[in-house]
>>> print(open('entry10.txt').read())   # compact mmCIF, C-alpha atoms
# COMPACT_ATOMS: atom_id res chain seq x y z
CA MET A 1334 -2.83 -44.53 -105.28
CA GLY A 1335 -4.47 -44.56 -108.67
CA PRO A 1336 -8.17 -44.16 -109.55
CA SER A 1337 -10.67 -45.13 -106.86
CA GLU A 1338 -13.18 -47.89 -107.50
CA ASP A 1339 -16.81 -46.89 -108.04
CA GLU A 1340 -19.34 -47.75 -105.34
CA ASN A 1341 -20.83 -50.76 -107.15
CA THR A 1342 -17.41 -52.36 -107.62
CA LEU A 1343 -16.49 -51.82 -103.98
CA ALA A 1344 -19.87 -53.18 -102.88
CA GLU A 1345 -19.31 -56.35 -104.90
CA ILE A 1346 -15.82 -56.83 -103.41
CA VAL A 1347 -17.07 -56.39 -99.84
CA ALA A 1348 -20.16 -58.57 -100.34
CA ARG A 1349 -18.17 -61.46 -101.80
CA GLN A 1350 -15.46 -61.13 -99.15
CA TRP A 1351 -18.04 -61.33 -96.34
CA LEU A 1352 -19.81 -64.28 -97.95
CA ASP A 1353 -16.50 -66.14 -98.22
CA ARG A 1354 -15.52 -65.23 -94.67
CA TYR A 1355 -18.78 -65.64 -92.74
CA GLY A 1356 -21.15 -67.65 -94.94
CA VAL A 1357 -24.06 -65.55 -93.67
CA VAL A 1358 -24.12 -61.76 -94.20
CA THR A 1359 -26.30 -59.18 -92.44
CA ARG A 1360 -26.19 -55.44 -91.82
CA ASP A 1361 -24.53 -56.21 -88.48
CA TRP A 1362 -21.25 -56.84 -90.34
CA TRP A 1363 -21.44 -53.38 -91.88
CA LYS A 1364 -22.04 -51.83 -88.44
CA ARG A 1365 -19.00 -53.62 -87.03
CA GLU A 1366 -16.50 -53.19 -89.88
CA ARG A 1367 -17.66 -49.90 -91.46
CA PRO A 1368 -16.21 -50.44 -94.96
CA ALA A 1369 -15.78 -47.48 -97.31
CA VAL A 1370 -19.09 -48.21 -99.01
CA SER A 1371 -22.70 -47.91 -97.87
CA TRP A 1372 -24.79 -50.83 -96.65
CA ARG A 1373 -27.40 -49.89 -99.28
CA ALA A 1374 -24.88 -50.54 -102.06
CA ILE A 1375 -23.79 -53.84 -100.48
CA TYR A 1376 -27.44 -54.85 -100.07
CA ARG A 1377 -28.08 -54.17 -103.76
CA GLU A 1378 -25.13 -56.38 -104.66
CA LEU A 1379 -26.38 -59.17 -102.37
CA LYS A 1380 -29.83 -58.99 -104.00
CA ARG A 1381 -28.18 -59.21 -107.43
CA LEU A 1382 -26.34 -62.34 -106.29
CA GLU A 1383 -29.64 -63.71 -104.99
CA PHE A 1384 -31.36 -63.16 -108.34
CA ARG A 1385 -28.46 -65.02 -110.00
CA GLY A 1386 -28.95 -67.93 -107.60
CA ASP A 1387 -25.53 -67.53 -105.97
CA VAL A 1388 -26.91 -66.73 -102.49
CA ARG A 1389 -30.15 -67.24 -100.59
CA ARG A 1390 -32.09 -64.72 -98.56
CA GLY A 1391 -33.83 -65.68 -95.33
CA TYR A 1392 -33.65 -65.56 -91.53
CA PHE A 1393 -30.80 -67.91 -90.68
CA VAL A 1394 -29.30 -66.63 -87.41
CA ARG A 1395 -31.59 -65.62 -84.58
CA GLY A 1396 -30.72 -62.27 -83.03
CA LEU A 1397 -29.02 -60.76 -86.09
CA ALA A 1398 -30.57 -58.25 -88.49
CA GLY A 1399 -33.60 -59.50 -90.40
CA ALA A 1400 -32.22 -59.15 -93.94
CA GLN A 1401 -29.78 -62.05 -94.12
CA PHE A 1402 -28.02 -63.55 -97.13
CA ALA A 1403 -26.18 -66.87 -97.10
CA VAL A 1404 -24.25 -69.06 -99.49
CA PRO A 1405 -26.01 -72.41 -100.12
CA ALA A 1406 -23.25 -74.38 -98.36
CA ALA A 1407 -23.76 -72.36 -95.17
CA VAL A 1408 -27.52 -72.98 -95.28
CA GLU A 1409 -26.99 -76.72 -95.57
CA LEU A 1410 -24.50 -76.70 -92.68
CA LEU A 1411 -27.01 -74.84 -90.50
CA ARG A 1412 -29.72 -77.35 -91.38
CA ALA A 1413 -27.44 -80.29 -90.63
CA SER A 1414 -26.18 -78.94 -87.30
CA GLY A 1415 -26.77 -81.42 -84.48
CA PRO A 1416 -26.84 -81.03 -80.71
CA ALA A 1417 -24.24 -78.60 -79.37
CA GLU A 1418 -22.65 -81.27 -77.16
CA SER A 1419 -21.74 -83.33 -80.26
CA ALA A 1420 -20.24 -80.38 -82.14
CA PRO A 1421 -16.46 -80.25 -82.59
CA LEU A 1422 -14.29 -77.88 -80.56
CA VAL A 1423 -13.00 -74.91 -82.52
CA VAL A 1424 -10.21 -72.67 -81.23
CA VAL A 1425 -10.06 -69.31 -83.01
CA ALA A 1426 -7.83 -66.29 -82.49
CA ALA A 1427 -9.78 -63.28 -81.25
CA SER A 1428 -7.98 -61.18 -83.88
CA ASP A 1429 -9.03 -63.48 -86.73
CA PRO A 1430 -11.20 -61.60 -89.26
CA CYS A 1431 -13.66 -64.51 -89.21
CA ASN A 1432 -14.26 -64.07 -85.46
CA PRO A 1433 -17.91 -62.97 -85.10
CA TYR A 1434 -18.03 -63.05 -81.31
CA PRO A 1435 -17.46 -59.35 -80.54
CA LEU A 1436 -20.83 -58.89 -82.26
CA ILE A 1437 -23.45 -59.25 -79.51
CA ALA A 1438 -26.61 -60.73 -80.99
CA ALA A 1439 -29.94 -59.35 -79.83
CA GLY A 1440 -31.13 -61.09 -76.71
CA THR A 1441 -27.65 -61.99 -75.38
CA THR A 1442 -27.47 -59.27 -72.78
CA GLU A 1443 -26.50 -61.40 -69.80
CA SER A 1444 -23.33 -60.18 -68.11
CA SER A 1445 -21.63 -63.54 -68.70
CA SER A 1446 -22.32 -63.36 -72.44
CA VAL A 1447 -20.97 -59.84 -72.66
CA GLU A 1448 -17.87 -60.84 -70.67
CA MET A 1449 -17.14 -63.83 -72.90
CA THR A 1450 -17.66 -61.99 -76.19
CA ARG A 1451 -16.10 -58.59 -75.47
CA ARG A 1452 -13.13 -57.54 -77.60
CA ARG A 1453 -9.87 -59.20 -76.58
CA GLY A 1454 -6.24 -58.20 -76.87
CA ARG A 1455 -3.74 -59.48 -79.38
CA GLY A 1456 -2.97 -63.17 -78.94
CA ALA A 1457 -6.23 -64.07 -77.21
CA LEU A 1458 -7.90 -67.36 -78.16
CA LEU A 1459 -11.55 -68.33 -78.02
CA VAL A 1460 -12.49 -71.97 -77.37
CA THR A 1461 -15.91 -72.60 -78.91
CA ARG A 1462 -18.37 -75.42 -79.39
CA GLY A 1463 -21.57 -75.21 -81.40
CA GLY A 1464 -21.19 -71.44 -81.73
CA VAL A 1465 -20.84 -70.91 -77.97
CA VAL A 1466 -17.67 -69.55 -76.39
CA ILE A 1467 -16.66 -72.02 -73.67
CA ALA A 1468 -13.39 -70.38 -72.61
CA VAL A 1469 -11.20 -67.41 -73.39
CA ALA A 1470 -7.40 -67.69 -73.11
CA GLU A 1471 -5.33 -64.52 -72.88
CA ALA A 1472 -1.63 -63.74 -72.44
CA ARG A 1473 -0.59 -66.82 -74.47
CA GLY A 1474 -2.92 -69.01 -72.45
CA ARG A 1475 -1.77 -67.89 -69.01
CA ARG A 1476 -5.12 -66.31 -68.08
CA LEU A 1477 -8.34 -68.25 -68.66
CA THR A 1478 -11.97 -67.31 -68.29
CA ILE A 1479 -14.51 -70.16 -68.28
CA LYS A 1480 -18.11 -69.62 -69.33
CA PRO A 1481 -20.38 -69.65 -66.26
CA GLY A 1482 -22.48 -72.81 -66.28
CA ALA A 1483 -20.16 -74.67 -68.67
CA SER A 1484 -20.31 -78.46 -68.40
CA VAL A 1485 -17.36 -80.48 -67.14
CA GLN A 1486 -17.24 -82.32 -70.47
CA ASP A 1487 -17.07 -79.07 -72.45
CA VAL A 1488 -14.30 -77.71 -70.23
CA THR A 1489 -12.33 -80.96 -70.44
CA ASP A 1490 -12.63 -81.11 -74.22
CA GLY A 1491 -11.84 -77.40 -74.44
CA ALA A 1492 -8.74 -77.81 -72.27
CA ARG A 1493 -7.49 -80.55 -74.58
CA ALA A 1494 -8.13 -78.46 -77.72
CA LEU A 1495 -6.47 -75.43 -76.15
CA ALA A 1496 -3.38 -77.45 -75.24
CA ARG A 1497 -3.01 -78.62 -78.85
CA ARG A 1498 -3.34 -75.07 -80.16
CA LEU A 1499 -0.80 -73.63 -77.70
CA VAL A 1500 1.71 -76.41 -78.40
CA GLU A 1501 1.35 -75.82 -82.16
CA ALA A 1502 1.76 -72.07 -81.69
CA SER A 1503 5.12 -72.58 -79.95
CA ASP A 1504 6.11 -75.34 -82.39
CA GLY A 1505 6.52 -77.63 -79.40
CA ARG A 1506 9.37 -75.58 -77.96
CA ARG A 1507 7.51 -74.43 -74.85
CA ASP A 1508 5.14 -76.16 -72.44
CA PRO A 1509 1.91 -74.14 -72.08
CA VAL A 1510 1.25 -72.91 -68.54
CA ILE A 1511 -2.00 -71.55 -67.11
CA ASP A 1512 -1.51 -69.12 -64.22
CA THR A 1513 -5.13 -68.25 -63.40
CA ILE A 1514 -8.63 -69.48 -64.16
CA ASP A 1515 -11.42 -66.98 -63.55
CA GLY A 1516 -8.95 -64.83 -61.64
CA ALA A 1517 -7.97 -67.54 -59.13
CA PRO A 1518 -4.73 -69.61 -59.09
CA ALA A 1519 -5.16 -72.33 -61.69
CA ALA A 1520 -3.78 -75.13 -59.50
CA VAL A 1521 -6.60 -74.67 -56.95
CA SER A 1522 -9.41 -73.78 -59.35
CA PRO A 1523 -12.69 -75.73 -59.24
CA TRP A 1524 -11.82 -76.66 -62.85
CA THR A 1525 -8.45 -78.24 -62.00
CA ALA A 1526 -9.83 -81.79 -62.19
CA ALA A 1527 -11.28 -81.16 -65.67
CA PHE A 1528 -7.92 -79.84 -66.89
CA SER A 1529 -6.08 -82.75 -65.28
CA SER A 1530 -8.34 -85.12 -67.22
CA ALA A 1531 -7.22 -83.34 -70.39
CA GLY A 1532 -3.52 -83.87 -69.61
CA TRP A 1533 -2.66 -80.66 -67.72
CA ARG A 1534 -0.64 -81.15 -64.53
CA PRO A 1535 -0.72 -79.00 -61.35
CA THR A 1536 2.68 -77.44 -60.54
CA SER A 1537 3.92 -74.71 -58.24
CA SER A 1538 3.51 -72.22 -61.09
CA GLY A 1539 0.02 -73.30 -62.17
CA LEU A 1540 -1.28 -75.89 -64.63
CA ARG A 1541 1.33 -77.11 -67.11
CA TYR A 1542 0.81 -79.15 -70.25
CA TYR A 1543 3.93 -81.13 -71.06
CA ALA A 1544 4.36 -81.03 -74.81
CA PRO A 1545 5.34 -84.41 -76.29
CA PRO A 1546 8.96 -84.59 -77.50
CA ARG A 1547 9.43 -83.82 -81.17
>>> encode(input="entry10.txt", output="structure tokens")
Amino acid sequence: MGPSEDENTLAEIVARQWLDRYGVVTRDWWKRERPAVSWRAIYRELKRLEFRGDVRRGYFVRGLAGAQFAVPAAVELLRASGPAESAPLVVVAASDPCNPYPLIAAGTTESSSVEMTRRRGRGALLVTRGGVVIAVAEARGRRLTIKPGASVQDVTDGARALARRLVEASDGRRDPVIDTIDGAPAAVSPWTAAFSSAGWRPTSSGLRYYAPPR
């Protein structure tokens, strides 16, 4: 409704939105989201922002397209990143616009990587550490997939973070229950001990996390 924006205006809106959302922008975002404006126009806007000193151009994320633009804060965070095992756990909804994981970076063609990063249904959660997806929870946490080769510590920490997220999502009114892990009954999974260490308890229906009383 009303007059349409010209291409340069739309390019500026998209470029700034992606910079705010992702911190680092490449042509891969255009391929995934297909906004109603060309990548060439967005690229011109990003170069204009670079000339103004608002963004930096470089090669920041291995495996993504070569022409990359980043806000200074994102560059400093990438420089300061420590070992993955010391990184905090982050649980993100698969439907969140900031979720970059459906985008398969070049070189990550292993079947396990594709399985962990494929598009997920509504309500799915990704448990990540240091940019790596450790676990995927679907059906409100009832079905879990654990990254092959994940460490016991990562799975334990991830189980604890997932429990907090599921309890918050239900406002403490419902105890989260996991039915299956990697397609097998959760209560007899090889990962049961790791989940027990995180506060989950084996029951006849699976692994249950008893939410603290409010």
>>> atom_distance(input="entry10.txt", atom1="CA of Asp1429 in chain A", atom2="CA of Ala1400 in chain A")
24.7 Å
>>> closest_residue(input="entry10.txt", among="A:Ala1398, A:Leu1382, A:Val1510, A:Ala1527", to="Ala1483 in chain A", atoms="all atoms listed in the file")
A:Ala1527
>>> atom_distance(input="entry10.txt", atom1="CA of Trp1533 in chain A", atom2="CA of Gly1463 in chain A")
24.0 Å
>>> residues_around(input="entry10.txt", residues="Glu1340 in chain A", least_positions_apart="2", cutoff="8 Å", atoms="only C-alpha atoms", output="number ranges by chain")
A: 1338, 1342-1344, 1370, 1374
>>> atom_distance(input="entry10.txt", atom1="CA of Val1465 in chain A", atom2="CA of Trp1372 in chain A")
27.7 Å
>>> axis_aligned_box(input="entry10.txt", around="range 1538-1543 of chain A", padding_each_side="6 Å", output="AutoDock Vina command-line options")
--center_x 1.3 --center_y -76.7 --center_z -66.1 --size_x 17.2 --size_y 20.9 --size_z 22.0
>>> closest_residue(input="entry10.txt", among="A:Val1357, A:Ile1514, A:Ala1420, A:Leu1379", to="Pro1405 in chain A", atoms="all atoms listed in the file")
A:Val1357
>>> residues_around(input="entry10.txt", residues="Gly1539 in chain A", least_positions_apart="6", cutoff="12 Å", atoms="all atoms listed in the file", output="number ranges by chain")
A: 1474-1477, 1508-1514, 1517-1522, 1525, 1528-1529, 1533
